[in-house]
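> Quick one: the structure is below, questions incoming.
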Amino acid sequence: MGKNLITLEHISKSYDGQLILDDLNLEIHENSFVTLLGPSGCGKTTTLRIIGGFEKPDQGRVIFDGKDITSLAPNKRQLNTVFQKYALFTHMSIADNIAFGLKIKNKSDSYIKDKIKYALKLVNLEGFENRMPDSLSGGQQQRIAIARAIVNEPKVLLLDEPLGALDLKMRQDMQYELKRLKEELGITFIYVTHDQEEALTMSDHIVVMNQGYIQQEGSPEMIYNEPENAFVADFIGDSNIIRSTMVRDELVEILGTRFACVDKGFGENKPVDVVIRPEDVELVSPEEGTISGVVTGLTFKGVHYEMDVEAGGFEWLVHSTKLSEVGTKVGIKVDPFNIQIMNVPVSEDEEAISETI
Amino acid sequence: MKKVFERIYLAIILIFMYAPIVTLIILSFNSSKSRAKWGGFTLKWYTRLFSDQAVASALVNTLLIAVLATIFSTIIGTITCIAMIGLNSKLRSVIMGITNIPMINADIVTGISLMLLFRFLHLGSGFTTILLAHITFNIPFVMLSVMPRVKSLNFYVYEAALDLGATPLYAFRKTMLPDIMPGVVSGALMAFTMSLDDFIITYFTKGSGFETLSTLIYNEVKRGIQPEIYALSAIIFVVVLSLLMIIYRSPNNKVKEK
Amino acid sequence: MKLFKNRQSAFLMASPYIAWAVIFIVVPLAMVIYYGVTDNSGALTFENIARISESGYLKALYRSILLAFISTLICFLLAYPLGMILSSMKLTRNTYLVTLFILPMWMNFLLRTLTWMTLLEGKGVINTILEFLHLPTINIINTSGAIVLGMVYNFLPFMILPIYNSLSRIDDNIINAARDLGADSLQTFLRITLPLSVPGIISGITMVFIPALTTFAISTMLGGSKILLIGNIIEQQFTQVYDWHLGSGLSIVLMIFILLNMIIESVSDKEGGIF
């Protein structure tokens with residue numbers, strides 16, 4: 001990982017008395033793909049707008065490459081933004097849209113021409129110079145918005161839910177496209193989304209946010225496999241989250257049944273939250289299982305079956321390629337390694353977090 | 001600092017717009033007939049205004065014409081907009097083109113053209129001719145406000161209603177009319193205010209001996225302003241202000257904005 | 001789309017208005033043109049139109065265009081900053097404020113003009129106040145200046161409303177995008193805000209220029225009987241001189257100017273800029 005490029009220090013921001021960001025601290029490294037992930041209203045877009053210079057934080061500082069840029073105007077910052085719904089200049093041709101930043105900087109005509117060509121090639125829209133934005137599809141407009149930003153050679157590209165308005169297929173294509181672009185350009189991407197799949201697919205580093213706080217940050221694998229609290233576990237993928245008791249190190253009592261696990265240091269007979277991913281629940285015969293139950297629901301999902309299993313007074317969500325019909329008596333087995341133990345929220349803030357789930 | 005300049009600018013324009021009106025209202029209570037001297041507070045111009053037969057009949061004429069013109073133009077305009085759905089696009093654009101003429105053309109030309117027509121038809125002049133003229137220039141305003149609503153109608157809902165057994169008329173009344181209604185209401189309001197405010201077209205189509213408020217004021221002004229006119233202005237301003245406040249307070253308006 | 005059984009039933013429904021439009025819009029306009037190009041005997045002639053070149057009429061036309069142009073320009077210069085300030089305000093407060101600025105539009109047009117008669121008269125309100133303050137009095141009633149003032153006062157709301165509407169429709173992120181790409185506030189204004197508000201400017205100009213060009217009431221009330229506009233000349237032909245042919249001929253000239261104005265505007269709209 002590269003050196004620290006952007007640092008947010010103790011950022012707070014509120015609108016009309018409503019706190020959007022509360023004492024946020026975040027470091028963004030050079031040449032990384034960072035995703036701010038969270039539900040709407042979690043403060044992710046506000047964070048991006050503060051980095052872009054469109055909002056001023058009430059408190060705190062924004063450090064860019066060692067310099068304080070907290071009150072620097074957006075046009076003076078070495079970063080560019082790809083806006084929600086593209087924000088293309090509808091009265092200008094595609095070429096003029098892309099050339100906008102370069103003309104402001106008084107670049108030579110031949111330089112601008114080359115750059116437009118290069119940028120359109122980069123986003124696979126060669127020959128679109130003289131079209132108007134209105135005549136382009138959503139996905140094409142999106143690419144132009146990206147081209148318009150990157151011709152200015154920013155050190156950082158900010159992307160605010162850029163794929164939100166596209167259909168599923170287009171969104172998946174653009175995910176790979178963005179990843180490729182990032183590699184080709186070798187700059188930092190800061191990406192805002194509420195779509196966990198997008199975040200997991202593209203990012204080097206995910207920052208999960210809720211209610212103005214950072215809940216957890218780390219690599220996609222870490223966020224998925226080792227969620228630090230119930231909010232993150234629930235937000236990233238489907239999970240079975242069960243209030244349980246840690247009997248002692250490496251032993252947890254879930255729904256009255258003891259399961260072996262690998263976590264230590266939670267104390268003895270302490271309440272904890274347990275997260276088990278649906279694909280980590282093994283369905284076996286009732287005799288083999290640690291706990292037994294009955295299949296109550298079944299849906300075919302293409303790659304796998306999704307089943308609901310009633311066991312120990314809890315409805316377990318199970319993903320499996322092996323089919324068990326509704327009404328079948330089954331046993332549930334979980335590999336100790338796949339049982340993720342989390343502290344039960346204690347502070348008021350964390351209480352608020354768990355309430356939103 | 002910028003905020004302060006903005007506030008000052010808004011204030012200057014507001015003063016420019018309202019100071020004259022406020023002056024009129026103050027003068028309407030001035031017992032001296034002179035506009036240069038304050039002769040003490042009086043309501044006599046108001047009592048004189050109310051006992052003035054000519055003003056009373058002009059007011060009745062104005063309101064009657066505005067109400068009737070609004071009703072007729074709203075009905076004709078709305079029906080035509082709905083009919084436009086079923087017409088081919090060529091005819092539709094011809095109709096819209098003709099409809100635009102009175103809106104784009106100068107009122108004075110519209111006024112004299114109608115006057116020429118009425119003289120030619122020996123329709124005489126007065127109430128009927130003014131009413132016909134007002135309906136004519138009001139229909140475009142109604143259509144302008146209803147047309148976008150008609151264009152954005154969802155026909156699947158109408159077909160769904162038919163599918164569920166509704167008669168065409170019932171289906172129309174239940175599915176389409178509610179969607180068009182806001183446009184009809186604002187079109188009618190626009191027609192009403194246009195009718196009330198019109199002077200030029202009325203002036204050319206009224207003939208002699210028949211007056212609406214606008215033409216009455218014009219005649220009075222040419223003869224020299226009487227303080228009764230100030231009282232009339234004050235009353236009209238207050239009525240307009242309260243009408244607008246009612247419109248803006250009504251919950252219906254919230255829908256209209258979006 | 002099965003609202004109508006067939007085209008005929010739709011046409012039947014539209015026919016009352018089609019008949020109305022033909023009788024009350026097309027025919028009257030044709031009559032103006034007919035009167036304009038014939039003389040008393042009914043013979044075809046272009047003399048009525050050509051008489052616009054007589055010095056009195058030409059002067060009136062020239063004065064009308066000049067005063068309408070000046071008034072439109074002043075309205076634009078006043079309304080544009082106002083539209084920008086209003087559209088930058090928070091939504092909840094600005095609907096109420098915007099109403100305040102367009103409210104005089106609903107006040108009777110003649111009463112609005114009458115107001116300025118009262119204010120500007122030799123012994124009117126403004127001069128009384130100036131005298132009281134021992135300042136020199138102004139004497140602009142019955143001048144072109146008074147007519148321009150009356151036009152600006154009457155038509156300003158018609159400029160404010162479309163400009164405000166087009167400015168408030170510009171997405172904040174478009175402005176942010178320009179700033180983000182390095183434009184300072186002036187560059188953003190010149191390259192983004194101004195071009196995007198051109199449709200509003202154009203409809204504002206139309207709504208002010210045409211009534212100003214063709215008015216006769218404002219000039220009668222504030223210009224006295226000495227300053228005649230083309231509207232006054234036409235009005236006189238119909239109400240005093242009873243020369244309908246000349247009046248119609250001059251109306252045709254007026255319509256040509258309106259048409260010209262529309263063409264210039266639609267061309268500049270297509271090119272996306274007026275400057």
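Just so we're on the same page: first chain in the structure tokens is A, next is B, and so on; residues restart at 1 for each chain, and ligands are numbered from 1 in the order they show up.
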With a cut-off of 12 Å and counting only C-alpha atoms, select all residues of chain A in contact with chain C and give the selection as a PyMOL selection string.

chain A and resi 16+49+51-55+72-93+96-106+145-154+156-160

> Please extract the residues of stretch 227-316 of chain A with a backbone DSSP assignment of strand (DSSP E) and present them as JSON, numbers by chain.

{"A": [240, 241, 242, 243, 244, 245, 246, 247, 248, 251, 252, 253, 254, 257, 258, 259, 260, 270, 271, 272, 273, 274, 275, 276, 281, 282, 283, 284, 291, 292, 293, 294, 295, 296, 297, 298, 299, 300, 305, 306, 307, 308, 309, 310, 311, 314, 315, 316]}

> So that I have them on file, write out the residues from the current selection with C-alpha atoms, as an mmCIF file, in the first residue's frame.


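Final file, again-v8.cif:
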```
data_model
loop_
_atom_site.group_PDB
_atom_site.id
_atom_site.type_symbol
_atom_site.label_atom_id
_atom_site.label_comp_id
_atom_site.auth_asym_id
_atom_site.auth_seq_id
_atom_site.Cartn_x
_atom_site.Cartn_y
_atom_site.Cartn_z
ATOM 1 C CA ASN A 240 -27.492 -15.504 10.573
ATOM 2 C CA ILE A 241 -26.948 -13.211 13.541
ATOM 3 C CA ILE A 242 -27.795 -14.900 16.846
ATOM 4 C CA ARG A 243 -27.489 -13.541 20.385
ATOM 5 C CA SER A 244 -25.484 -16.225 22.228
ATOM 6 C CA THR A 245 -23.322 -16.857 25.262
ATOM 7 C CA MET A 246 -19.552 -17.349 25.233
ATOM 8 C CA VAL A 247 -19.114 -20.233 27.678
ATOM 9 C CA ARG A 248 -15.335 -20.049 27.678
ATOM 10 C CA LEU A 251 -16.769 -22.700 23.115
ATOM 11 C CA VAL A 252 -20.009 -20.830 22.483
ATOM 12 C CA GLU A 253 -23.591 -21.719 23.405
ATOM 13 C CA ILE A 254 -25.935 -20.950 20.494
ATOM 14 C CA THR A 257 -26.530 -25.906 22.121
ATOM 15 C CA ARG A 258 -22.763 -25.761 22.535
ATOM 16 C CA PHE A 259 -20.674 -25.171 19.406
ATOM 17 C CA ALA A 260 -16.910 -25.299 19.115
ATOM 18 C CA LYS A 270 -20.460 -13.454 28.465
ATOM 19 C CA PRO A 271 -23.263 -12.498 26.043
ATOM 20 C CA VAL A 272 -22.028 -12.196 22.448
ATOM 21 C CA ASP A 273 -23.418 -11.953 18.919
ATOM 22 C CA VAL A 274 -22.614 -14.824 16.619
ATOM 23 C CA VAL A 275 -22.484 -14.423 12.844
ATOM 24 C CA ILE A 276 -22.720 -17.454 10.595
ATOM 25 C CA VAL A 281 -24.202 -23.725 7.461
ATOM 26 C CA GLU A 282 -23.898 -27.407 6.581
ATOM 27 C CA LEU A 283 -27.076 -29.466 6.376
ATOM 28 C CA VAL A 284 -26.527 -33.080 7.446
ATOM 29 C CA ILE A 291 -28.507 -29.037 16.376
ATOM 30 C CA SER A 292 -31.511 -30.458 14.519
ATOM 31 C CA GLY A 293 -34.449 -28.820 12.779
ATOM 32 C CA VAL A 294 -36.915 -28.853 9.891
ATOM 33 C CA VAL A 295 -36.703 -27.240 6.435
ATOM 34 C CA THR A 296 -39.547 -24.702 6.217
ATOM 35 C CA GLY A 297 -38.781 -22.829 3.006
ATOM 36 C CA LEU A 298 -36.996 -23.454 -0.285
ATOM 37 C CA THR A 299 -36.054 -21.170 -3.156
ATOM 38 C CA PHE A 300 -33.966 -22.026 -6.206
ATOM 39 C CA TYR A 305 -30.663 -23.315 -3.164
ATOM 40 C CA GLU A 306 -31.744 -20.966 -0.413
ATOM 41 C CA MET A 307 -33.435 -22.768 2.460
ATOM 42 C CA ASP A 308 -35.018 -21.692 5.699
ATOM 43 C CA VAL A 309 -34.442 -24.114 8.529
ATOM 44 C CA GLU A 310 -36.304 -23.921 11.822
ATOM 45 C CA ALA A 311 -33.937 -25.096 14.553
ATOM 46 C CA PHE A 314 -34.450 -19.605 15.211
ATOM 47 C CA GLU A 315 -34.971 -19.470 11.481
ATOM 48 C CA TRP A 316 -31.609 -20.223 9.900
#
```

> Please determine the contact residues of chain B with respect to chain C at a cut-off of 8 Å, counting only C-alpha atoms, and supply them as an MDAnalysis selection string.

chainID B and resid 6 9:10 14 17 20:21 24 35:36 76:77 79:80 83:88 95 98:99 101:102 105:110 112:114 116:117 133 136 155 159 168 193 196:199 214 217:218 221:222 233 236:237 240:241

> Give me, as a list in words, all polymer residues having an atom no more than 6 Å from B:Ser31, counting only C-alpha atoms and skipping those fewer than 3 positions away in the same chain.

Gly39, Gly40, Phe41 and Thr42 of chain B

> Report the distance between atom CA of B:Lys206 and atom CA of B:Ile71 in Å, rounded to one decimal place.

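Separation of atom CA of B:Lys206 and atom CA of B:Ile71: 20.2 Å.
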
> Please provide the set of residues having any atom within 12 Å of A:Val34, restricted to only C-alpha atoms, with same-chain residues fewer than 4 positions apart removed, written as a ChimeraX atom specification.

/A:1,5-6,26-30,44,48,156-159,179,182,187-193,198-208,217-220

> So which residues touch B:Met147 within 9 Å, counting only C-alpha atoms, skipping near sequence neighbours fewer than 2 positions away, as number ranges by chain?

B: 78, 81-82, 84, 142-145, 149-152, 180, 183

> So that I have them on file, write out the residues from the current selection with N, CA and C atoms, as an mmCIF file, in the first residue's frame.


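Saved file result-v6.cif follows:
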```cif
data_model
loop_
_atom_site.group_PDB
_atom_site.id
_atom_site.type_symbol
_atom_site.label_atom_id
_atom_site.label_comp_id
_atom_site.auth_asym_id
_atom_site.auth_seq_id
_atom_site.Cartn_x
_atom_site.Cartn_y
_atom_site.Cartn_z
ATOM 1 N N THR B 78 -60.207 21.889 -22.495
ATOM 2 C CA THR B 78 -59.938 20.560 -21.948
ATOM 3 C C THR B 78 -60.405 19.468 -22.910
ATOM 4 N N CYS B 81 -57.996 19.205 -25.761
ATOM 5 C CA CYS B 81 -56.733 18.550 -25.392
ATOM 6 C C CYS B 81 -56.893 17.040 -25.375
ATOM 7 N N ILE B 82 -58.016 16.557 -24.817
ATOM 8 C CA ILE B 82 -58.234 15.107 -24.762
ATOM 9 C C ILE B 82 -58.402 14.552 -26.175
ATOM 10 N N MET B 84 -57.109 15.615 -28.802
ATOM 11 C CA MET B 84 -55.814 15.646 -29.497
ATOM 12 C C MET B 84 -55.106 14.291 -29.447
ATOM 13 N N VAL B 142 -55.631 27.773 -21.333
ATOM 14 C CA VAL B 142 -56.128 26.519 -20.759
ATOM 15 C C VAL B 142 -55.397 25.336 -21.396
ATOM 16 N N MET B 143 -55.303 25.355 -22.729
ATOM 17 C CA MET B 143 -54.662 24.231 -23.417
ATOM 18 C C MET B 143 -53.185 24.130 -23.046
ATOM 19 N N LEU B 144 -52.542 25.261 -22.899
ATOM 20 C CA LEU B 144 -51.131 25.283 -22.504
ATOM 21 C C LEU B 144 -50.931 24.568 -21.172
ATOM 22 N N SER B 145 -51.904 24.694 -20.273
ATOM 23 C CA SER B 145 -51.715 24.107 -18.956
ATOM 24 C C SER B 145 -52.265 22.678 -18.871
ATOM 25 N N ARG B 149 -50.373 17.628 -19.063
ATOM 26 C CA ARG B 149 -51.013 16.588 -18.254
ATOM 27 C C ARG B 149 -51.537 15.463 -19.140
ATOM 28 N N VAL B 150 -52.169 15.851 -20.244
ATOM 29 C CA VAL B 150 -52.720 14.853 -21.156
ATOM 30 C C VAL B 150 -51.593 14.016 -21.759
ATOM 31 N N LYS B 151 -50.497 14.699 -22.100
ATOM 32 C CA LYS B 151 -49.373 13.994 -22.717
ATOM 33 C C LYS B 151 -48.781 12.948 -21.781
ATOM 34 N N SER B 152 -48.787 13.244 -20.466
ATOM 35 C CA SER B 152 -48.143 12.312 -19.530
ATOM 36 C C SER B 152 -49.123 11.299 -18.947
ATOM 37 N N ILE B 180 -55.676 14.727 -14.997
ATOM 38 C CA ILE B 180 -55.724 15.967 -15.783
ATOM 39 C C ILE B 180 -56.129 17.152 -14.918
ATOM 40 N N GLY B 183 -54.110 20.319 -13.991
ATOM 41 C CA GLY B 183 -53.863 21.175 -15.149
ATOM 42 C C GLY B 183 -55.094 21.993 -15.497
#
```

> Which value, in Å to one decimal, gives the distance between atom CA of A:Thr290 and atom CA of A:Ile332?

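Between atom CA of A:Thr290 and atom CA of A:Ile332 the gap is 5.8 Å.
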
> Residues within 7 Å of stretch 172-176 of chain B, please, as a ChimeraX atom specification. Count only C-alpha atoms; anything in the same chain fewer than 5 positions from it doesn't count.

/B:153,157-158

> Considering only C-alpha atoms, state which residue in the set B:Ile13, B:Val4, B:Ala56, B:Ile104 is at the smallest distance from B:Glu211.

B:Ala56

> B:Phe204: which residues within 7 Å, counting only C-alpha atoms, same-chain residues fewer than 3 positions away excluded, as a PDB file with N, CA and C atoms, in the first residue's frame?


```pdb
ATOM      1  N   GLY B 111     -56.867  42.302 -30.922  1.00  0.00           N
ATOM      2  CA  GLY B 111     -58.022  43.159 -30.639  1.00  0.00           C
ATOM      3  C   GLY B 111     -58.648  43.715 -31.903  1.00  0.00           C
ATOM      4  N   ILE B 112     -57.830  44.316 -32.770  1.00  0.00           N
ATOM      5  CA  ILE B 112     -58.418  44.918 -33.975  1.00  0.00           C
ATOM      6  C   ILE B 112     -58.933  43.852 -34.930  1.00  0.00           C
ATOM      7  N   MET B 115     -62.240  42.943 -33.735  1.00  0.00           N
ATOM      8  CA  MET B 115     -63.152  44.049 -33.980  1.00  0.00           C
ATOM      9  C   MET B 115     -63.623  44.051 -35.427  1.00  0.00           C
ATOM     10  N   ILE B 200     -56.520  45.684 -23.506  1.00  0.00           N
ATOM     11  CA  ILE B 200     -56.397  46.044 -24.916  1.00  0.00           C
ATOM     12  C   ILE B 200     -57.475  45.383 -25.773  1.00  0.00           C
ATOM     13  N   ILE B 201     -57.630  44.060 -25.618  1.00  0.00           N
ATOM     14  CA  ILE B 201     -58.590  43.358 -26.471  1.00  0.00           C
ATOM     15  C   ILE B 201     -60.017  43.802 -26.132  1.00  0.00           C
TER      16      ILE B 201
END
```

> So what do you get for atom CA of A:Gly139 versus atom CA of A:Met170, distance-wise?

6.8 Å
